[in-house]
Structure formats: C-alpha cells, structure tokens
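> Got a structure for you, target24.txt, holding compact mmCIF, C-alpha atoms and all ligand atoms.
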```txt
# COMPACT_ATOMS: atom_id res chain seq x y z
CA MET A 1 195.77 99.29 -19.57
CA ILE A 2 194.67 102.68 -20.85
CA GLU A 3 191.70 104.10 -18.97
CA LEU A 4 189.51 106.87 -20.33
CA ARG A 5 187.79 109.28 -17.94
CA THR A 6 184.27 110.58 -18.31
CA PRO A 7 183.73 114.35 -18.45
CA ALA A 8 182.47 114.13 -14.85
CA GLU A 9 185.64 112.33 -13.77
CA ILE A 10 187.79 114.95 -15.47
CA GLU A 11 185.85 117.62 -13.57
CA ALA A 12 186.58 115.65 -10.40
CA MET A 13 190.31 115.78 -11.21
CA ARG A 14 190.35 119.58 -11.25
CA PRO A 15 190.86 120.02 -7.48
CA ALA A 16 193.93 117.79 -7.55
CA GLY A 17 195.33 119.77 -10.47
CA ALA A 18 194.61 123.09 -8.78
CA PHE A 19 196.22 121.91 -5.56
CA VAL A 20 199.39 120.68 -7.28
CA ALA A 21 199.59 123.97 -9.20
CA SER A 22 199.22 125.98 -5.99
CA VAL A 23 202.01 124.04 -4.28
CA LEU A 24 204.38 124.58 -7.19
CA GLU A 25 203.55 128.30 -7.28
CA ARG A 26 204.33 128.58 -3.57
CA LEU A 27 207.51 126.50 -3.81
CA ARG A 28 208.77 128.46 -6.78
CA ASP A 29 208.74 131.58 -4.61
CA GLU A 30 210.80 129.72 -1.99
CA ILE A 31 213.56 128.55 -4.36
CA LYS A 32 216.13 131.09 -3.27
CA VAL A 33 219.80 131.17 -2.39
CA GLY A 34 220.21 129.97 1.19
CA VAL A 35 217.12 127.76 1.31
CA ASN A 36 217.62 124.10 2.19
CA LEU A 37 215.99 121.48 -0.05
CA LEU A 38 214.58 119.86 3.09
CA GLU A 39 212.72 123.11 3.86
CA LEU A 40 211.04 122.93 0.45
CA ASP A 41 209.97 119.36 1.15
CA SER A 42 208.67 120.32 4.61
CA LEU A 43 206.65 123.18 3.15
CA ALA A 44 205.07 120.86 0.57
CA HIS A 45 204.34 118.36 3.32
CA ARG A 46 202.57 121.03 5.40
CA MET A 47 200.49 122.09 2.40
CA ILE A 48 199.47 118.45 1.81
CA LYS A 49 198.31 118.11 5.42
CA GLU A 50 196.43 121.43 5.39
CA ARG A 51 194.61 120.42 2.19
CA GLY A 52 193.86 116.88 3.35
CA ALA A 53 195.65 115.61 0.25
CA GLU A 54 197.85 112.55 -0.07
CA SER A 55 201.42 112.41 -1.32
CA CYS A 56 202.07 110.13 -4.27
CA TYR A 57 205.76 109.99 -3.45
CA ILE A 58 206.26 109.31 0.23
CA ASP A 59 205.46 105.58 0.11
CA TYR A 60 206.47 105.16 -3.52
CA HIS A 61 208.62 102.07 -3.88
CA PRO A 62 208.93 100.80 -7.45
CA SER A 63 211.19 97.97 -8.49
CA PHE A 64 213.99 100.38 -9.38
CA GLY A 65 213.91 102.15 -6.02
CA ALA A 66 216.18 100.97 -3.25
CA MET A 67 213.62 101.93 -0.56
CA PRO A 68 210.38 103.91 -0.22
CA PHE A 69 210.98 107.49 -1.38
CA GLY A 70 210.18 108.98 2.03
CA LYS A 71 209.66 112.60 0.86
CA VAL A 72 206.77 114.42 -0.81
CA LEU A 73 208.79 116.38 -3.36
CA CYS A 74 211.45 115.64 -5.95
CA THR A 75 214.21 118.25 -5.86
CA SER A 76 216.78 117.92 -8.65
CA VAL A 77 219.64 120.45 -8.61
CA ASN A 78 222.13 121.21 -11.42
CA ASP A 79 223.35 117.88 -12.85
CA ALA A 80 220.36 116.11 -11.24
CA VAL A 81 217.26 116.18 -13.42
CA LEU A 82 214.68 113.60 -12.31
CA HIS A 83 213.61 111.84 -9.10
CA GLY A 84 215.87 114.02 -6.96
CA LEU A 85 215.62 112.89 -3.35
CA PRO A 86 215.52 115.98 -1.10
CA HIS A 87 218.59 116.07 1.10
CA ASP A 88 220.46 118.46 3.37
CA TYR A 89 221.62 120.93 0.74
CA VAL A 90 221.49 124.71 0.79
CA ILE A 91 220.68 126.31 -2.58
CA GLN A 92 223.61 128.30 -4.01
CA ASP A 93 223.69 131.27 -6.37
CA GLY A 94 223.07 130.12 -9.94
CA ASP A 95 221.74 126.68 -9.04
CA VAL A 96 219.25 125.16 -11.46
CA VAL A 97 216.47 123.67 -9.33
CA SER A 98 213.75 121.36 -10.65
CA ILE A 99 210.83 120.45 -8.45
CA ASP A 100 208.39 117.69 -9.31
CA PHE A 101 205.26 117.22 -7.23
CA ALA A 102 202.38 114.76 -7.41
CA ALA A 103 199.51 114.47 -4.99
CA SER A 104 196.08 112.96 -4.75
CA VAL A 105 192.95 114.96 -3.82
CA ASP A 106 189.58 113.18 -3.48
CA GLY A 107 191.26 110.06 -4.89
CA TRP A 108 192.51 111.69 -8.10
CA VAL A 109 196.15 112.40 -8.88
CA ALA A 110 197.83 115.37 -10.53
CA ASP A 111 201.53 115.61 -11.38
CA SER A 112 203.54 118.65 -12.42
CA ALA A 113 207.10 119.95 -12.47
CA LEU A 114 208.99 123.17 -13.10
CA THR A 115 212.59 124.36 -13.18
CA VAL A 116 214.00 127.72 -12.08
CA VAL A 117 217.39 129.27 -11.43
CA ALA A 118 218.12 130.57 -7.94
CA GLY A 119 219.96 133.89 -7.94
CA THR A 120 222.04 134.84 -10.96
CA PRO A 121 221.28 132.73 -14.05
CA LEU A 122 223.59 131.61 -16.82
CA ASP A 123 222.22 132.12 -20.33
CA ALA A 124 222.81 128.46 -21.11
CA ASP A 125 220.64 127.41 -18.16
CA LEU A 126 217.83 129.79 -19.13
CA LYS A 127 217.91 128.38 -22.66
CA LEU A 128 217.73 124.82 -21.34
CA ILE A 129 214.75 125.64 -19.13
CA ALA A 130 212.96 127.65 -21.81
CA THR A 131 213.38 124.77 -24.25
CA THR A 132 211.68 122.29 -21.91
CA GLU A 133 208.85 124.80 -21.42
CA ARG A 134 208.40 125.32 -25.17
CA ALA A 135 208.57 121.56 -25.72
CA LEU A 136 205.86 121.09 -23.10
CA GLU A 137 203.65 123.67 -24.79
CA ALA A 138 204.26 122.02 -28.17
CA GLY A 139 203.34 118.62 -26.72
CA ILE A 140 200.20 119.98 -25.10
CA SER A 141 199.12 121.59 -28.36
CA GLN A 142 199.08 118.12 -29.96
CA ALA A 143 197.05 116.54 -27.12
CA VAL A 144 193.96 116.68 -29.27
CA ALA A 145 191.37 113.97 -29.91
CA GLY A 146 192.01 112.30 -33.24
CA ASN A 147 195.75 112.89 -33.14
CA LYS A 148 198.17 110.09 -32.37
CA LEU A 149 200.43 109.76 -29.34
CA GLY A 150 203.36 110.13 -31.72
CA ASP A 151 202.18 113.63 -32.57
CA ILE A 152 202.80 114.69 -28.97
CA SER A 153 206.17 112.93 -28.86
CA ALA A 154 207.30 114.36 -32.20
CA ALA A 155 206.28 117.88 -31.21
CA ILE A 156 208.34 117.64 -28.02
CA GLY A 157 211.31 116.09 -29.76
CA ASP A 158 211.28 118.62 -32.59
CA VAL A 159 211.54 121.55 -30.19
CA CYS A 160 214.36 119.92 -28.23
CA GLU A 161 216.37 118.88 -31.28
CA ALA A 162 215.92 122.22 -33.03
CA ALA A 163 217.47 123.84 -29.95
CA GLY A 164 220.43 121.47 -30.22
CA TYR A 165 219.62 118.98 -27.49
CA SER A 166 219.54 115.21 -27.58
CA VAL A 167 216.44 113.48 -26.18
CA ASN A 168 216.48 110.52 -23.81
CA LEU A 169 213.63 108.04 -24.37
CA ASP A 170 213.97 106.05 -21.15
CA PHE A 171 211.85 108.41 -19.04
CA GLY A 172 208.86 110.36 -20.27
CA GLY A 173 205.24 111.10 -19.62
CA HIS A 174 202.57 108.69 -18.45
CA GLY A 175 198.90 108.16 -17.84
CA VAL A 176 197.50 109.79 -14.69
CA GLY A 177 194.36 108.86 -12.81
CA ARG A 178 193.70 107.18 -9.51
CA THR A 179 197.43 106.47 -9.35
CA MET A 180 200.45 108.47 -10.47
CA HIS A 181 201.80 106.22 -13.20
CA GLY A 182 199.56 104.51 -15.72
CA ASP A 183 199.54 103.71 -19.40
CA PRO A 184 200.37 104.98 -21.89
CA HIS A 185 204.05 105.88 -21.75
CA VAL A 186 204.54 109.23 -23.51
CA PRO A 187 208.04 109.35 -25.02
CA ASN A 188 209.73 112.72 -25.44
CA ASN A 189 210.48 112.01 -29.08
CA GLY A 190 208.85 109.93 -31.77
CA ARG A 191 207.20 109.92 -35.15
CA ALA A 192 204.17 112.04 -35.90
CA GLY A 193 201.10 110.11 -36.97
CA ARG A 194 202.16 106.92 -35.19
CA GLY A 195 200.99 105.14 -32.09
CA LEU A 196 197.89 105.27 -29.94
CA LYS A 197 194.94 107.28 -31.24
CA LEU A 198 194.12 110.02 -28.74
CA LYS A 199 190.55 109.97 -27.46
CA PRO A 200 188.60 112.31 -25.20
CA GLY A 201 189.05 111.17 -21.61
CA LEU A 202 192.72 110.28 -21.86
CA VAL A 203 194.62 112.01 -19.04
CA ILE A 204 198.40 112.11 -19.29
CA ALA A 205 201.38 113.79 -17.74
CA ILE A 206 203.53 115.36 -20.45
CA GLU A 207 207.04 115.95 -19.17
CA PRO A 208 209.95 116.96 -21.39
CA TRP A 209 213.31 117.04 -19.65
CA LEU A 210 216.73 117.75 -21.04
CA LEU A 211 220.39 117.67 -20.20
CA ALA A 212 222.65 120.31 -21.71
CA THR A 213 225.22 118.13 -23.47
CA THR A 214 224.20 114.47 -23.08
CA ASP A 215 221.11 112.27 -23.03
CA GLN A 216 222.60 109.73 -20.64
CA LEU A 217 221.85 109.38 -16.93
CA TYR A 218 223.20 107.57 -13.93
CA THR A 219 221.62 106.94 -10.54
CA ASP A 220 223.11 108.73 -7.54
CA GLU A 221 224.23 106.62 -4.59
CA ASP A 222 221.03 107.75 -2.79
CA GLY A 223 219.28 105.18 -5.02
CA TRP A 224 216.87 107.71 -6.57
CA THR A 225 218.35 110.89 -7.98
CA LEU A 226 219.06 110.70 -11.73
CA ARG A 227 222.08 112.75 -12.79
CA SER A 228 223.61 113.56 -16.15
CA ALA A 229 226.42 111.25 -17.23
CA ASP A 230 228.71 114.18 -18.07
CA GLY A 231 227.88 116.55 -15.22
CA SER A 232 225.96 118.95 -17.45
CA ARG A 233 222.83 120.56 -16.11
CA GLY A 234 219.24 119.46 -16.56
CA ALA A 235 215.76 120.97 -16.72
CA HIS A 236 212.28 119.48 -16.50
CA SER A 237 208.77 120.83 -17.18
CA GLU A 238 205.56 118.87 -16.67
CA HIS A 239 201.79 119.28 -16.70
CA THR A 240 198.89 116.89 -16.29
CA VAL A 241 196.66 117.26 -19.33
CA ALA A 242 193.20 115.89 -20.11
CA ILE A 243 192.23 115.35 -23.73
CA THR A 244 188.66 116.60 -24.09
CA GLU A 245 186.13 117.21 -26.84
CA ASN A 246 187.13 120.87 -26.53
CA GLY A 247 190.88 120.34 -26.81
CA PRO A 248 193.63 119.91 -24.23
CA LEU A 249 192.74 120.84 -20.65
CA VAL A 250 195.83 121.57 -18.54
CA LEU A 251 194.71 120.44 -15.10
CA THR A 252 197.86 121.71 -13.37
CA GLN A 253 197.87 125.14 -15.01
CA ARG A 254 199.45 127.75 -12.74
CA SER A 255 197.96 131.21 -12.50
CA ARG A 256 201.42 132.80 -12.54
MG MG B 301 205.97 114.50 -12.06
```
Mind turning this structure into structure tokens?

Amino acid sequence: MIELRTPAEIEAMRPAGAFVASVLERLRDEIKVGVNLLELDSLAHRMIKERGAESCYIDYHPSFGAMPFGKVLCTSVNDAVLHGLPHDYVIQDGDVVSIDFAASVDGWVADSALTVVAGTPLDADLKLIATTERALEAGISQAVAGNKLGDISAAIGDVCEAAGYSVNLDFGGHGVGRTMHGDPHVPNNGRAGRGLKLKPGLVIAIEPWLLATTDQLYTDEDGWTLRSADGSRGAHSEHTVAITENGPLVLTQRSR
C-alpha cells in the first residue's frame, strides 16, 4: 500500500533525514586504510545511542535473510555492493567501500548510502561511483508531482546505460515512512511516462547501484552480502526523497 504523508509529517521526517546524513558524513571520514569494518559499525551504533535513534537494521529479518542482521550498518567492499554484513575486515588501499544506513528518529525512518574509495583510487572505480551519483541526481530531478514513477526509473537507467553499465532490476528503491521498506518499488530502469503517478507526500528512497561488468549477483555465505557474479566492483548511492508541491526534498542531504 502506498501511503502519502502530509506536509506536517514530511516536516517531522526531517530530523531522521538529518541524523542519517550526519552519520554518513562522519563515517565517510572514517573510511580509511587500516580501519576495520566493525569499527565503522560500532561508531554508527554509538551515534544511534547518543541521538536516541533506533536502527532499522539490527533486528531486520526478512524472508530472504538467514538470521536477524545484527548490525546497524551495511558495509559492502569491492565486489560486494548491497546488504554487506560488517565483518572483521581491515580496509586496504584502493578498496571501494559502500555504506548504507537507515535509522528511525521520532518514529520516522530515513535511508541513505554512499560509496568512496579508501586510499589510492582506480579511474574505473571513480567512474563507477560517479555514475551512481549522477544517476541518483537524475532520478531525484524526476521526483516531481505529476511525473510518473517510470520517469525516475528511466532517468536512472539512462545515466547508467550511457556510461556503459547494465542495470539490475531485482533491487531498487522503495517507499520510506514509519518503516524502512514500503511501496512502491522504484526500479533502477524503466520506461518514462509509465507507472504510478507521483503525488505530493510520496516519500521514497532512490538508490542506483551498479557493478562494473555484470548485472548479476550472488549471496555470500554470510547469508546477507550481495556480491557481483563476476568479481567486478560495485557502487551504490541513495537518498530519501519527499515529493512536495515545491519539488523534490532530499531529506538525507549531506552538507558536505
Ligand atoms: Mg539504504
């Protein structure tokens, strides 16, 4: 069921968005060679406690998960791209690190993700990351009342395909509200002018992700982490966006 939020409810979602943005800003500074993924998760956990927020991940146990997630952060490194379960791994020079974080503040959820390279980057990795960021911006620009959901999907897909990447349609964006995952599903490719008509009050996570040379995934033996079928690297960018009378409002906008 698609739920629309009143302007007052969207205002009430701002603190969750600001908190999620602040955690990602802090974590981005900590993604360095020599840092353990478990330290990143611990830092996010401390920030949740200090803020009085609630993790959307720690008890998350969907049908496809082998067990509750147990961590507050997704950390996906190199050939991992989504749902990366933080584990005892020390970041190496040139690693591509995606972090995805969702939390609830005052009963409202926000969800956002970013990807960075630790240490010395490869041009191919920077291109992959930049493409997901441009695709996210293109998707957000279409999150306008009166457009169709397919306009967002097509905008994302066009950017990815123009850069030479193939888009996976199994995992994409989603409605965000009192819980992390609601309707509608927001595919990362589609046909402009098709699908759900976008109305003010719709709040969605838009989240393009790409793999360098495949669009196929497999699940790691940890039961969560999704990795590329061919070992190529992945990147992921995500914001929570409210469609308003005044255009798209990026609730998880970072200040830097
Ligand atoms: Mg997310």
> Figure out the distance between CA of Leu73 in chain A and CA of Ser153 in chain A, please, to one decimal in Å.
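It comes out at 25.9 Å.
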> Between A:Ile48, A:Val81, A:Ala235, A:Ala102, which one has atoms that come closest to ligand MG 301 (chain B), using only C-alpha atoms and all ligand atoms?
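Of A:Ile48, A:Val81, A:Ala235, A:Ala102, the one nearest ligand MG 301 (chain B) is A:Ala102, counting only C-alpha atoms and all ligand atoms.
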> Could you tell me which of A:Met47, A:Ala162, A:Ala205, A:Leu38 comes closest to ligand MG 301 (chain B) if we count only C-alpha atoms and all ligand atoms?
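Closest residue, counting only C-alpha atoms and all ligand atoms: A:Ala205.
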> Could the residues of chain A that have an atom at most 9 Å from ligand MG 301 (chain B) be listed as a tab-separated table, each with its closest atom pair and the distance in Å to one decimal, counting all atoms listed in the file and ordered by chain and ascending residue number?

```
residue	atom	partner	partner_atom	distance
A:Cys74	CA	B:MG301	MG	8.3
A:Leu82	CA	B:MG301	MG	8.8
A:His83	CA	B:MG301	MG	8.6
A:Ile99	CA	B:MG301	MG	8.5
A:Asp100	CA	B:MG301	MG	4.9
A:Phe101	CA	B:MG301	MG	5.6
A:Ala102	CA	B:MG301	MG	5.9
A:Ala110	CA	B:MG301	MG	8.3
A:Asp111	CA	B:MG301	MG	4.6
A:Ser112	CA	B:MG301	MG	4.8
A:Ala113	CA	B:MG301	MG	5.6
A:Gly173	CA	B:MG301	MG	8.3
A:Met180	CA	B:MG301	MG	8.3
A:Ala205	CA	B:MG301	MG	7.3
A:Ile206	CA	B:MG301	MG	8.8
A:Glu207	CA	B:MG301	MG	7.3
A:Ser237	CA	B:MG301	MG	8.6
A:Glu238	CA	B:MG301	MG	6.4
A:His239	CA	B:MG301	MG	7.9
A:Thr240	CA	B:MG301	MG	8.6
```
> (188.7, 117.7, -22.0) in this file's frame - what residues fall within 9 Å of it? Use all atoms listed in the file and give the answer as a list in words.
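Residues with an atom at most 9 Å from (188.7, 117.7, -22.0): Pro7, Ile10, Glu11, Pro200, Gly201, Leu202, Val203, Val241, Ala242, Ile243, Thr244, Glu245, Asn246, Gly247, Pro248, Leu249 and Val250 of chain A.
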> For Ile152 in chain A, which of A:Val186, A:Leu169, A:Leu251, A:Val90 is the closest residue, counting all atoms listed in the file?
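Result for the nearest residue to Ile152 in chain A: A:Val186.
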